[in-house]
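Everything below belongs to structure-v8.txt, which stores compact mmCIF, C-alpha atoms.
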# COMPACT_ATOMS: atom_id res chain seq x y z
CA MET M 1 61.16 117.21 104.92
CA SER M 2 63.51 115.72 107.43
CA ASN M 3 66.64 116.73 105.69
CA SER M 4 68.20 118.64 108.54
CA THR M 5 69.59 115.90 110.70
CA ASN M 6 70.70 113.09 108.47
CA LEU M 7 73.11 114.99 106.25
CA GLN M 8 76.32 113.83 107.76
CA ALA M 9 79.54 113.53 105.77
CA ARG M 10 81.27 110.21 106.22
CA THR M 11 84.72 110.42 107.76
CA GLU M 12 85.58 106.85 108.74
CA GLY M 13 87.55 104.79 106.25
CA LEU M 14 88.31 107.73 104.00
CA VAL M 15 91.56 109.38 103.09
CA ILE M 16 91.03 113.01 102.19
CA GLN M 17 93.45 115.21 100.32
CA GLU M 18 92.67 118.91 99.97
CA MET M 19 93.86 120.43 96.73
CA SER M 20 93.75 124.08 95.74
CA ASP M 21 90.30 123.95 94.14
CA GLU M 22 89.09 120.40 94.69
CA VAL M 23 89.08 117.62 97.23
CA LEU M 24 90.35 114.11 96.53
CA VAL M 25 88.81 111.30 98.50
CA TYR M 26 89.91 107.66 98.67
CA ASP M 27 87.50 105.12 100.10
CA LEU M 28 89.59 102.52 101.92
CA ASN M 29 86.63 100.12 102.07
CA THR M 30 86.04 99.98 98.34
CA ASN M 31 89.44 101.13 97.08
CA LYS M 32 87.73 103.78 94.97
CA ALA M 33 88.90 107.32 94.54
CA HIS M 34 86.77 110.40 93.91
CA CYS M 35 87.40 113.98 92.99
CA LEU M 36 84.99 116.60 94.32
CA ASN M 37 84.92 119.98 92.62
CA GLN M 38 84.66 123.12 94.72
CA THR M 39 80.86 123.09 94.92
CA ALA M 40 80.56 119.40 95.77
CA ALA M 41 83.37 119.70 98.32
CA PHE M 42 81.73 122.72 99.94
CA VAL M 43 78.39 120.92 100.28
CA TRP M 44 80.13 117.79 101.62
CA LYS M 45 82.00 119.73 104.27
CA LYS M 46 78.81 121.44 105.39
CA CYS M 47 77.04 118.10 105.89
CA ASP M 48 77.64 118.11 109.63
CA GLY M 49 74.41 116.55 110.81
CA LYS M 50 73.03 119.97 111.73
CA ASN M 51 72.77 121.95 108.50
CA SER M 52 69.65 121.47 106.39
CA VAL M 53 69.71 121.63 102.60
CA SER M 54 68.41 125.20 102.76
CA ASP M 55 71.10 126.10 105.29
CA ILE M 56 73.78 124.75 102.97
CA ALA M 57 72.26 126.61 100.01
CA GLY M 58 72.44 129.80 102.11
CA LEU M 59 76.07 129.12 103.03
CA LEU M 60 76.88 128.52 99.36
CA GLU M 61 75.23 131.83 98.46
CA ASN M 62 77.43 133.63 100.97
CA GLU M 63 80.56 131.81 99.83
CA PHE M 64 80.10 132.48 96.13
CA ASN M 65 78.11 135.67 96.46
CA ALA M 66 75.47 134.38 94.06
CA PRO M 67 71.95 132.98 94.35
CA VAL M 68 71.79 129.24 94.91
CA GLN M 69 68.74 127.01 94.68
CA ASP M 70 68.17 124.07 97.00
CA ASP M 71 68.14 121.78 93.97
CA LEU M 72 71.80 122.49 93.36
CA VAL M 73 72.58 121.29 96.88
CA TRP M 74 70.38 118.26 96.33
CA LEU M 75 72.28 117.48 93.16
CA ALA M 76 75.51 117.43 95.17
CA ILE M 77 73.96 115.36 97.94
CA ASP M 78 72.59 112.89 95.44
CA GLN M 79 76.06 112.31 93.99
CA LEU M 80 77.77 112.20 97.38
CA SER M 81 75.23 109.66 98.54
CA LYS M 82 75.66 107.48 95.44
CA ASP M 83 79.39 107.40 96.08
CA ASN M 84 78.84 106.45 99.69
CA LEU M 85 80.38 109.64 101.02
CA LEU M 86 77.52 110.33 103.43
CA GLU M 87 76.82 108.47 106.66
CA ALA M 88 73.25 107.72 105.61
CA LYS M 89 71.12 108.17 102.54
CA PRO M 90 69.01 111.36 102.71
CA ILE M 91 65.43 110.52 103.58
CA ALA M 92 63.65 112.53 100.92
CA SER M 93 65.18 114.09 97.87
CA PRO M 94 62.97 116.24 95.61
CA ILE M 95 65.16 115.32 92.66
CA ALA M 96 64.88 111.57 93.21
CA GLY M 97 64.08 109.84 89.94
CA LEU M 98 65.12 112.82 87.83
CA SER M 99 68.04 112.57 85.45
CA ARG M 100 71.00 114.88 85.91
CA ARG M 101 69.95 116.68 82.73
CA GLU M 102 66.46 117.32 84.15
CA VAL M 103 67.90 118.59 87.42
CA VAL M 104 70.27 120.90 85.59
CA LYS M 105 67.26 122.24 83.65
CA ARG M 106 65.46 122.92 86.93
CA ILE M 107 68.46 124.71 88.39
CA GLY M 108 68.66 126.75 85.23
CA LEU M 109 71.56 127.81 83.13
CA ALA M 110 71.59 131.13 84.95
CA SER M 111 73.30 129.55 87.95
CA VAL M 112 76.59 131.31 88.56
CA VAL M 113 77.82 128.65 90.96
CA ALA M 114 79.47 125.72 89.20
CA LEU M 115 77.42 122.56 89.19
CA PRO M 116 78.62 120.03 91.75
CA ILE M 117 80.69 117.21 90.32
CA VAL M 118 81.83 114.07 92.09
CA ALA M 119 84.05 112.34 89.57
CA SER M 120 85.41 108.86 90.00
CA LEU M 121 89.14 108.65 89.58
CA ILE M 122 90.45 105.56 87.93
CA ALA M 123 93.96 104.22 87.87
CA PRO M 124 95.76 105.52 84.78
CA THR M 125 96.02 102.93 82.04
CA THR M 126 99.76 103.45 82.13
CA ALA M 127 99.86 102.60 85.82
CA LEU M 128 102.55 100.14 86.79
CA ALA M 129 100.44 97.54 88.43
CA GLY M 130 101.51 95.20 91.16
CA THR M 131 101.11 91.52 91.59
CA CYS M 132 97.70 90.63 92.83
CA SER M 133 98.66 88.56 95.81
CA ALA M 134 95.01 88.09 96.66
CA CYS M 135 94.64 86.05 93.51
CA ALA M 136 97.97 84.36 93.76
CA GLY M 137 97.54 83.15 97.29
CA ASP M 138 93.88 82.37 97.25
CA PRO M 139 91.81 82.98 94.14
CA GLY M 140 88.72 82.96 96.30
CA ASN M 141 89.83 86.29 97.72
CA CYS M 142 89.43 87.98 94.37
CA ASN M 143 86.01 88.22 92.85
CA GLN M 144 87.26 89.27 89.44
CA PRO M 145 87.03 86.33 87.03
CA ALA M 146 89.36 88.17 84.68
CA CYS M 147 92.06 87.79 87.30
CA LEU M 148 92.52 84.16 86.42
CA GLY M 149 95.52 83.74 84.25
CA THR M 150 96.88 87.18 84.92
CA THR M 151 99.11 88.69 87.53
CA MET M 152 98.26 92.31 86.97
CA CYS M 153 95.55 93.74 89.12
CA PRO M 154 95.35 97.51 89.50
CA VAL M 155 92.76 98.27 92.15
CA ASN M 156 90.53 95.26 91.76
CA THR M 157 90.34 95.60 87.99
CA CYS M 158 92.37 92.84 86.50
CA VAL M 159 93.96 93.25 83.15
CA PRO M 160 95.74 90.61 81.08
CA MET C 161 89.12 120.72 87.88
CA GLU C 162 91.70 122.00 85.49
CA ASN C 163 94.75 122.48 87.65
CA THR C 164 95.76 118.92 88.25
CA GLU C 165 96.49 116.33 85.58
CA PRO C 166 94.16 113.33 85.98
CA ASP C 167 97.02 110.87 86.47
CA LEU C 168 98.76 113.11 88.96
CA ARG C 169 95.48 113.54 90.84
CA TRP C 170 95.10 109.77 91.01
CA ASN C 171 98.68 109.33 92.15
CA ILE C 172 98.32 111.89 94.91
CA ILE C 173 95.27 110.26 96.45
CA TYR C 174 96.48 106.71 95.83
CA GLN C 175 99.79 107.41 97.56
CA ALA C 176 97.98 109.07 100.46
CA ALA C 177 95.73 106.02 100.80
CA GLN C 178 98.70 103.66 100.70
CA GLU C 179 100.43 105.68 103.39
CA GLU C 180 97.34 105.55 105.55
CA LYS C 181 97.24 101.76 105.25
CA ILE C 182 100.95 101.50 106.05
CA LYS C 183 100.50 103.75 109.07
CA THR C 184 97.63 101.58 110.31
CA LEU C 185 99.66 98.39 109.90
CA PHE C 186 102.74 99.71 111.69
CA LYS C 187 100.52 100.93 114.52
CA LEU C 188 98.88 97.51 114.75
CA PHE C 189 102.10 95.52 114.88
CA ARG C 190 103.89 97.97 117.18
CA LYS C 191 100.97 97.78 119.61
CA ASN C 192 101.89 94.11 119.86
CA GLY C 193 105.58 94.81 120.30
CA ILE C 194 106.60 93.88 116.75
CA GLU C 195 108.61 96.11 114.44
CA PRO C 196 108.25 95.16 110.76
CA ILE C 197 110.26 96.39 107.80
CA LEU C 198 108.33 97.61 104.79
CA ILE C 199 109.76 96.11 101.60
CA LYS C 200 108.97 96.47 97.87
CA GLY C 201 105.74 98.33 96.98
CA TRP C 202 105.52 101.76 98.55
CA SER C 203 109.17 101.72 99.62
CA VAL C 204 110.05 101.52 95.91
CA SER C 205 107.33 103.86 94.64
CA ARG C 206 108.90 106.73 96.60
CA TYR C 207 111.71 106.75 94.02
CA PHE C 208 109.21 107.20 91.18
CA PRO C 209 108.43 110.63 89.71
CA ALA C 210 105.16 112.11 91.02
CA HIS C 211 103.35 111.79 87.70
CA ILE C 212 103.96 108.05 87.31
CA SER C 213 101.69 105.58 89.04
CA ARG C 214 103.20 102.58 90.67
CA LEU C 215 100.36 100.45 91.93
CA ALA C 216 100.64 97.72 94.50
CA MET C 217 97.79 95.52 95.55
CA ASP C 218 99.26 94.63 98.89
CA ILE C 219 101.69 95.89 101.44
CA ASP C 220 104.79 93.76 101.94
CA LEU C 221 106.13 93.58 105.47
CA ALA C 222 109.11 91.56 106.64
CA PHE C 223 109.43 90.20 110.17
CA ASP C 224 112.14 88.41 112.05
CA ARG C 225 111.65 84.69 112.46
CA GLU C 226 110.57 84.98 116.10
CA SER C 227 107.80 87.48 115.38
CA TYR C 228 106.53 86.03 112.13
CA LEU C 229 103.90 83.63 113.47
CA THR C 230 102.53 86.20 115.90
CA ALA C 231 102.45 88.72 113.06
CA ARG C 232 100.41 86.28 110.98
CA GLN C 233 97.85 86.01 113.75
CA ILE C 234 97.70 89.77 114.17
CA SER C 235 97.30 90.32 110.43
CA LYS C 236 94.04 88.39 110.54
CA THR C 237 92.50 91.23 112.50
CA THR C 238 92.88 93.73 109.68
CA LYS C 239 91.15 94.02 106.31
CA ILE C 240 94.22 95.57 104.74
CA ASN C 241 95.77 93.32 102.14
CA VAL C 242 99.15 92.62 103.65
CA ASP C 243 101.81 90.18 102.47
CA LEU C 244 103.91 88.96 105.38
CA HIS C 245 107.47 87.77 104.84
CA ASN C 246 109.33 85.49 107.20
CA GLU C 247 112.57 87.45 107.00
CA LEU C 248 113.49 87.59 103.32
CA ARG C 249 114.03 83.90 102.56
CA HIS C 250 115.29 83.36 99.00
CA LEU C 251 115.37 87.08 98.22
CA GLU C 252 118.35 87.73 100.44
CA THR C 253 121.31 85.96 102.00
CA VAL C 254 122.39 88.79 104.29
CA ALA C 255 121.33 88.11 107.89
CA TYR C 256 118.05 89.73 108.84
CA THR C 257 119.68 91.26 111.91
CA ASP C 258 122.15 93.00 109.63
CA LEU C 259 119.36 94.21 107.34
CA TYR C 260 117.45 95.46 110.36
CA GLU C 261 120.51 97.24 111.74
CA HIS C 262 120.93 99.09 108.46
CA SER C 263 117.20 99.74 107.97
CA GLN C 264 115.94 103.29 108.16
CA SER C 265 113.11 104.99 109.93
CA ILE C 266 111.40 107.42 107.60
CA GLU C 267 108.46 109.75 107.97
CA LEU C 268 105.36 109.45 105.82
CA ASN C 269 103.43 112.50 104.64
CA ASN C 270 100.82 111.72 107.28
CA GLY C 271 103.47 112.18 109.96
CA SER C 272 103.95 108.58 111.05
CA GLN C 273 107.35 106.93 111.24
CA ILE C 274 107.87 103.65 109.45
CA ARG C 275 110.81 101.34 108.83
CA VAL C 276 112.22 100.51 105.40
CA LEU C 277 115.34 98.74 104.17
CA CYS C 278 118.28 101.01 103.44
CA PRO C 279 118.38 101.93 99.72
CA GLU C 280 121.32 99.57 99.07
CA ASP C 281 119.59 96.53 100.58
CA SER C 282 116.29 97.50 98.99
CA LEU C 283 117.80 97.60 95.50
CA ARG C 284 119.35 94.18 96.00
CA VAL C 285 116.01 92.74 97.13
CA ILE C 286 114.01 94.17 94.23
CA CYS C 287 116.57 92.96 91.71
CA VAL C 288 116.43 89.40 93.03
CA HIS C 289 112.65 89.58 93.30
CA TRP C 290 112.35 90.66 89.67
CA LEU C 291 114.67 87.90 88.51
CA ASN C 292 112.92 85.37 90.70
CA ASP C 293 109.72 86.19 88.81
CA GLY C 294 111.58 85.26 85.65
CA GLY C 295 111.72 88.90 84.50
CA ILE C 296 108.24 88.41 83.08
CA LYS C 297 107.02 91.78 84.25
CA LYS C 298 108.64 94.36 82.05
CA ASP C 299 106.81 97.12 83.88
CA ARG C 300 108.44 96.08 87.13
CA LEU C 301 111.84 96.69 85.56
CA TRP C 302 111.02 100.36 86.16
CA ASP C 303 111.40 99.66 89.88
CA ILE C 304 115.06 98.91 89.29
CA TYR C 305 115.35 101.84 86.89
CA TYR C 306 114.05 104.43 89.36
CA CYS C 307 115.78 102.96 92.40
CA VAL C 308 119.11 103.28 90.61
CA LYS C 309 118.39 106.57 88.82
CA ASN C 310 116.97 108.35 91.86
CA ARG C 311 119.22 106.76 94.48
CA PRO C 312 120.45 109.03 97.26
CA SER C 313 123.75 110.81 96.68
CA ASN C 314 125.44 108.81 99.44
CA PHE C 315 124.35 105.46 97.99
CA ASN C 316 126.96 102.88 98.92
CA TRP C 317 127.56 100.46 96.04
CA GLU C 318 129.95 98.53 98.26
CA ARG C 319 127.08 97.73 100.65
CA CYS C 320 124.75 96.94 97.77
CA LEU C 321 126.99 94.62 95.78
CA ASN C 322 129.88 93.37 97.80
CA ILE C 323 128.33 91.96 100.95
CA VAL C 324 126.82 89.08 99.00
CA SER C 325 128.45 86.24 97.09
CA PRO C 326 129.98 86.95 93.65
CA LYS C 327 127.15 84.89 92.15
CA ARG C 328 124.50 87.11 93.71
CA ARG C 329 126.51 90.19 92.83
CA LYS C 330 126.31 89.11 89.19
CA TRP C 331 122.54 88.63 89.57
CA ILE C 332 122.13 92.21 90.76
CA LEU C 333 124.42 93.63 88.09
CA THR C 334 122.59 91.65 85.43
CA ALA C 335 119.21 93.03 86.52
CA ILE C 336 120.63 96.56 86.45
CA ALA C 337 122.26 95.91 83.06
CA VAL C 338 118.91 94.67 81.72
CA ALA C 339 117.27 97.94 82.87
CA HIS C 340 120.12 99.79 81.15
CA HIS C 341 119.69 97.79 77.94
CA TYR C 342 115.89 97.88 77.64
CA LEU C 343 114.97 101.10 79.45
CA GLN C 344 118.15 103.10 78.84
CA LEU C 345 118.86 103.43 82.55
CA PRO C 346 121.80 105.86 82.70
CA LEU C 347 124.83 104.17 84.26
CA ASP C 348 127.56 106.72 83.54
CA ASP C 349 128.31 107.38 87.19
CA VAL C 350 128.35 103.86 88.60
CA PRO C 351 131.59 102.12 89.59
CA PHE C 352 130.76 98.96 87.62
CA ILE C 353 130.09 100.60 84.25
CA ASP C 354 133.05 98.89 82.51
CA GLU C 355 132.00 95.51 83.83
CA VAL C 356 128.40 95.70 82.56
CA ASN C 357 129.47 97.24 79.27
CA GLN C 358 131.57 94.23 78.38
CA PRO C 359 130.18 92.47 75.32
CA GLY C 360 128.10 89.49 76.35
CA PHE C 361 127.76 90.59 79.97
CA ILE C 362 124.07 89.75 79.71
CA PRO C 363 123.99 86.19 78.37
CA ASN C 364 122.06 85.84 75.13
CA TRP C 365 119.65 83.35 76.64
CA ILE C 366 118.54 86.04 79.10
CA HIS C 367 117.64 88.36 76.21
CA ARG C 368 115.79 85.51 74.52
CA THR C 369 113.91 84.58 77.68
CA LEU C 370 112.86 88.14 78.42
CA GLU C 371 111.82 88.98 74.89
CA ASN C 372 109.80 85.78 74.60
CA GLU C 373 108.10 86.43 77.93
CA TRP C 374 107.28 90.04 77.14
CA LYS C 375 105.64 89.19 73.85
CA SER C 376 103.84 86.16 75.22
CA GLU C 377 100.10 86.57 75.67
CA ILE C 378 100.04 84.10 78.53
CA THR C 379 101.38 85.43 81.78
CA LEU C 380 102.85 83.03 84.26
CA ALA C 381 100.27 82.57 87.02
CA PRO C 382 100.28 80.32 90.07
CA LEU C 383 98.82 76.93 89.15
CA ILE C 384 96.57 77.09 92.15
CA SER C 385 94.83 80.14 90.70
CA VAL C 386 93.80 78.21 87.55
CA TRP C 387 93.27 74.80 89.14
CA LYS C 388 89.57 74.74 88.32
CA HIS C 389 89.93 76.00 84.75
CA PRO C 390 91.21 73.14 82.58
CA THR C 391 92.13 75.26 79.53
CA LYS C 392 94.03 77.80 81.58
CA LEU C 393 95.62 75.07 83.66
CA LEU C 394 96.88 73.39 80.51
CA GLN C 395 98.22 76.70 79.21
CA GLN C 396 100.06 77.26 82.47
CA ILE C 397 101.55 73.76 82.49
CA LYS C 398 102.70 74.22 78.88
CA LYS C 399 104.23 77.53 79.83
CA ARG C 400 106.28 75.78 82.49
CA ILE C 401 107.85 73.32 80.07
CA PRO C 402 110.66 74.17 79.96
CA PRO C 403 110.59 76.45 83.01
CA ASN C 404 111.57 80.10 82.67
CA ALA C 405 115.36 79.98 82.50
CA ILE C 406 115.98 83.08 84.62
CA GLN C 407 113.64 81.87 87.33
CA ALA C 408 115.27 78.44 87.22
CA VAL C 409 118.73 79.93 87.80
CA ILE C 410 117.54 81.98 90.77
CA GLU C 411 115.47 79.22 92.31
CA THR C 412 118.30 76.74 92.13
CA GLU C 413 120.78 79.33 93.40
CA SER C 414 122.85 78.92 90.24
CA ALA C 415 125.02 81.42 88.41
CA PHE C 416 124.31 83.44 85.28
CA GLU C 417 126.68 81.87 82.77
CA ASN C 418 126.87 82.26 79.03
CA SER C 419 126.30 78.56 78.48
CA SER C 420 122.79 77.17 78.04
CA PRO C 421 120.89 76.85 81.32
CA LEU C 422 119.03 73.74 80.13
CA PHE C 423 120.30 71.48 82.91
CA ILE C 424 119.41 74.09 85.48
CA GLN C 425 115.91 74.27 84.02
CA ILE C 426 115.53 70.49 84.27
CA LYS C 427 116.81 70.55 87.83
CA ASP C 428 114.35 73.32 88.68
CA MET C 429 111.48 71.43 87.08
CA PHE C 430 112.07 68.44 89.35
CA ALA C 431 112.60 70.66 92.37
CA ARG C 432 109.26 72.32 91.69
CA MET C 433 107.47 69.01 91.87
CA LEU C 434 108.47 68.68 95.49
CA PRO C 435 106.77 70.60 98.27
CA ARG C 436 108.67 73.72 99.21
CA LYS C 437 109.02 75.13 102.67
CA GLY C 438 107.47 78.56 102.88
CA ASN C 439 105.28 78.01 99.83
CA GLU C 440 102.28 76.42 101.47
CA ALA C 441 100.00 77.50 98.63
CA SER C 442 101.82 75.60 95.88
CA ILE C 443 99.97 72.70 94.36
CA SER C 444 102.74 70.23 95.15
CA THR C 445 102.79 71.28 98.81
CA LEU C 446 99.02 71.00 99.07
CA PHE C 447 99.10 67.60 97.38
CA PHE C 448 101.86 66.25 99.63
CA ASN C 449 100.20 67.60 102.74
CA LYS C 450 96.94 65.90 101.77
CA PHE C 451 98.79 62.66 101.10
CA LYS C 452 100.58 62.83 104.46
CA ARG C 453 97.24 63.11 106.26
Show the structure stored in the file as structure tokens.
Amino acid sequence: MSNSTNLQARTEGLVIQEMSDEVLVYDLNTNKAHCLNQTAAFVWKKCDGKNSVSDIAGLLENEFNAPVQDDLVWLAIDQLSKDNLLEAKPIASPIAGLSRREVVKRIGLASVVALPIVASLIAPTTALAGTCSACAGDPGNCNQPACLGTTMCPVNTCVP
Amino acid sequence: MENTEPDLRWNIIYQAAQEEKIKTLFKLFRKNGIEPILIKGWSVSRYFPAHISRLAMDIDLAFDRESYLTARQISKTTKINVDLHNELRHLETVAYTDLYEHSQSIELNNGSQIRVLCPEDSLRVICVHWLNDGGIKKDRLWDIYYCVKNRPSNFNWERCLNIVSPKRRKWILTAIAVAHHYLQLPLDDVPFIDEVNQPGFIPNWIHRTLENEWKSEITLAPLISVWKHPTKLLQQIKKRIPPNAIQAVIETESAFENSSPLFIQIKDMFARMLPRKGNEASISTLFFNKFKR
């Protein structure tokens, strides 16, 4: 499996904020924000283009002092890839086509290491939104039909 | 993921992203020898408490008249949604050179230096901007609330209020008084407290206009954005008859008086039918430009 060379974390166009036990990532290209828990963040940081999945699993084992299966790393990579946080999609994933529930079953409940989570952060509903100048100046700039007739547009999601 | 409140987490990363965009823009314009001033948006959100989101879809930058056209060309090379201002036009009567002289260089969390209006000028601009939008955005009244509430200890009310005409001074005080009335903005320590506490300081028609706007399900939107949607276009035209009274007063540079602003509204309605300099996207401007060709 050629998983050793294409696991490269994306760095361009991202704003990264390290928190005490998680990493917040903002994608400037899509204006989407993500929150990576400790496990997902660890895997992401180790995607340096050199480490293989097994290498990362080994590093995780050392970090958390607990056994880690490759599938757990794959689960993280799968999510990171879906959220466009890797330079390229991994060539072959053994968990491709499996649901998260099935993967979790494979990893087993005995896993001491927390399952990787890449959560999407959305603007709070109470957010004080700004005027969508993209709509106001040129409606063609905004692909949200709901924008028409409204001036509120928090992060590309228009609300009346 | 239990340590950080979801909203706070969002705010942290959103602010960091905004600062990155601002840093990129300042770098871009400075590379071309242009120094902008950041107005509204992020420069206001820094007065907000950390747990409250204040979103902005674009980044507002003001330029002096000489740099504006070059800045427009440069802005086409970036994907960042930036709103360029040719000085401050209707938002301000103080000379841009004066505003620039009093502007401040501040450091972002990412270490870059940017330029913003001084707090006194900034408050004046956001008050006029809010009024110029007809006060339709109640949520934007929080901008005024936090800029006053969390102003620096050396805030100079003299600079804020008394370097503009008495008419504009009343505009600013009215906007602040509205924030006091509807959002309970504390005003105990301001030098104009007695003035704004006078009965009828905020004309009744302003209360009526605001309350009608805030409960209205139809938000005022640029006609050009609904041009191809007949129902919405009709709604927007109906909403403009009569025009928003607050907006009409500001647009026609009139004063906030207790008497009915009906004549001002009529005057504004006719003025709006004519093309306006600096508003190239308005339907009337587009129509007249087409006709001229």
Write out as an MDAnalysis selection string every residue belonging to chain C that has an atom at most 9 Å from any atom of chain M, counting all atoms listed in the file. chainID C and resid 161:164 166:167 169:174 176:177 180:181 201 212:218 239:243 299:300 302 377:386 389 392:393 396 441:442
d(atom CA of M:Arg10, atom CA of M:Glu87) in Å: 4.8 Å
Suppose you want the space between atom CA of C:Val338 and atom CA of C:Met429; what is it in Å? 25.0 Å
For M:Asp48, list every protein, DNA or RNA residue within 9 Å, evaluated using only C-alpha atoms, and leave out those in the same chain fewer than 3 positions away; present the list as a list in words. Thr5, Asn6, Leu7, Gln8, Ala9, Trp44, Lys45 and Asn51 of chain M
Considering all atoms listed in the file, can you say which of M:Phe42, M:Glu63, M:Thr30, M:Glu102 comes closest to M:Ala76?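 Counting all atoms listed in the file, the residue closest to M:Ala76 is M:Phe42.
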I want to know what sits within 10 Å of stretch 405-422 of chain C, based on all atoms listed in the file, with residues of the same chain fewer than 6 positions away left out; could you give that as JSON, numbers by chain? {"C": [250, 251, 288, 289, 290, 291, 292, 293, 294, 295, 296, 326, 327, 328, 329, 330, 331, 334, 360, 361, 362, 363, 364, 365, 366, 368, 369, 370, 428, 429, 431, 432]}
Atom CA of C:Leu188 to atom CA of C:Arg249, distance in Å rounded to a single decimal: 23.7 Å
Using only C-alpha atoms, determine which residues lie at most 8 Å from C:Tyr305, disregarding the query and same-chain residues fewer than 3 positions distant; provide the list as number ranges by chain. C: 301-302, 308-309, 336, 339-340, 343, 345
Around (73.9, 124.1, 99.3) in the file's own coordinates, what residues are found within 10 Å if you use all atoms listed in the file, given back as an mmCIF file with C-alpha atoms, keeping the file's coordinate frame?
data_model
loop_
_atom_site.group_PDB
_atom_site.id
_atom_site.type_symbol
_atom_site.label_atom_id
_atom_site.label_comp_id
_atom_site.auth_asym_id
_atom_site.auth_seq_id
_atom_site.Cartn_x
_atom_site.Cartn_y
_atom_site.Cartn_z
ATOM 1 C CA THR M 39 80.860 123.090 94.920
ATOM 2 C CA ALA M 40 80.560 119.400 95.770
ATOM 3 C CA PHE M 42 81.730 122.720 99.940
ATOM 4 C CA VAL M 43 78.390 120.920 100.280
ATOM 5 C CA TRP M 44 80.130 117.790 101.620
ATOM 6 C CA LYS M 46 78.810 121.440 105.390
ATOM 7 C CA CYS M 47 77.040 118.100 105.890
ATOM 8 C CA ASN M 51 72.770 121.950 108.500
ATOM 9 C CA SER M 52 69.650 121.470 106.390
ATOM 10 C CA VAL M 53 69.710 121.630 102.600
ATOM 11 C CA SER M 54 68.410 125.200 102.760
ATOM 12 C CA ASP M 55 71.100 126.100 105.290
ATOM 13 C CA ILE M 56 73.780 124.750 102.970
ATOM 14 C CA ALA M 57 72.260 126.610 100.010
ATOM 15 C CA GLY M 58 72.440 129.800 102.110
ATOM 16 C CA LEU M 59 76.070 129.120 103.030
ATOM 17 C CA LEU M 60 76.880 128.520 99.360
ATOM 18 C CA GLU M 61 75.230 131.830 98.460
ATOM 19 C CA VAL M 68 71.790 129.240 94.910
ATOM 20 C CA GLN M 69 68.740 127.010 94.680
ATOM 21 C CA ASP M 70 68.170 124.070 97.000
ATOM 22 C CA ASP M 71 68.140 121.780 93.970
ATOM 23 C CA LEU M 72 71.800 122.490 93.360
ATOM 24 C CA VAL M 73 72.580 121.290 96.880
ATOM 25 C CA TRP M 74 70.380 118.260 96.330
ATOM 26 C CA LEU M 75 72.280 117.480 93.160
ATOM 27 C CA ALA M 76 75.510 117.430 95.170
ATOM 28 C CA ILE M 77 73.960 115.360 97.940
ATOM 29 C CA PRO M 116 78.620 120.030 91.750
#
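Proximity to C:Leu321 was assessed for C:Tyr260, C:Phe352, C:Tyr342, C:Tyr306 counting all atoms listed in the file; the smallest distance is recorded for C:Phe352.
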Find the axis-aligned box for stretch 116-121 of chain M, covering all its listed atoms and adding 5 Å on each side, and write its centre and edge lengths in Å to one decimal as JSON.
{"center_x": 83.9, "center_y": 114.3, "center_z": 90.8, "size_x": 20.5, "size_y": 21.4, "size_z": 12.5}
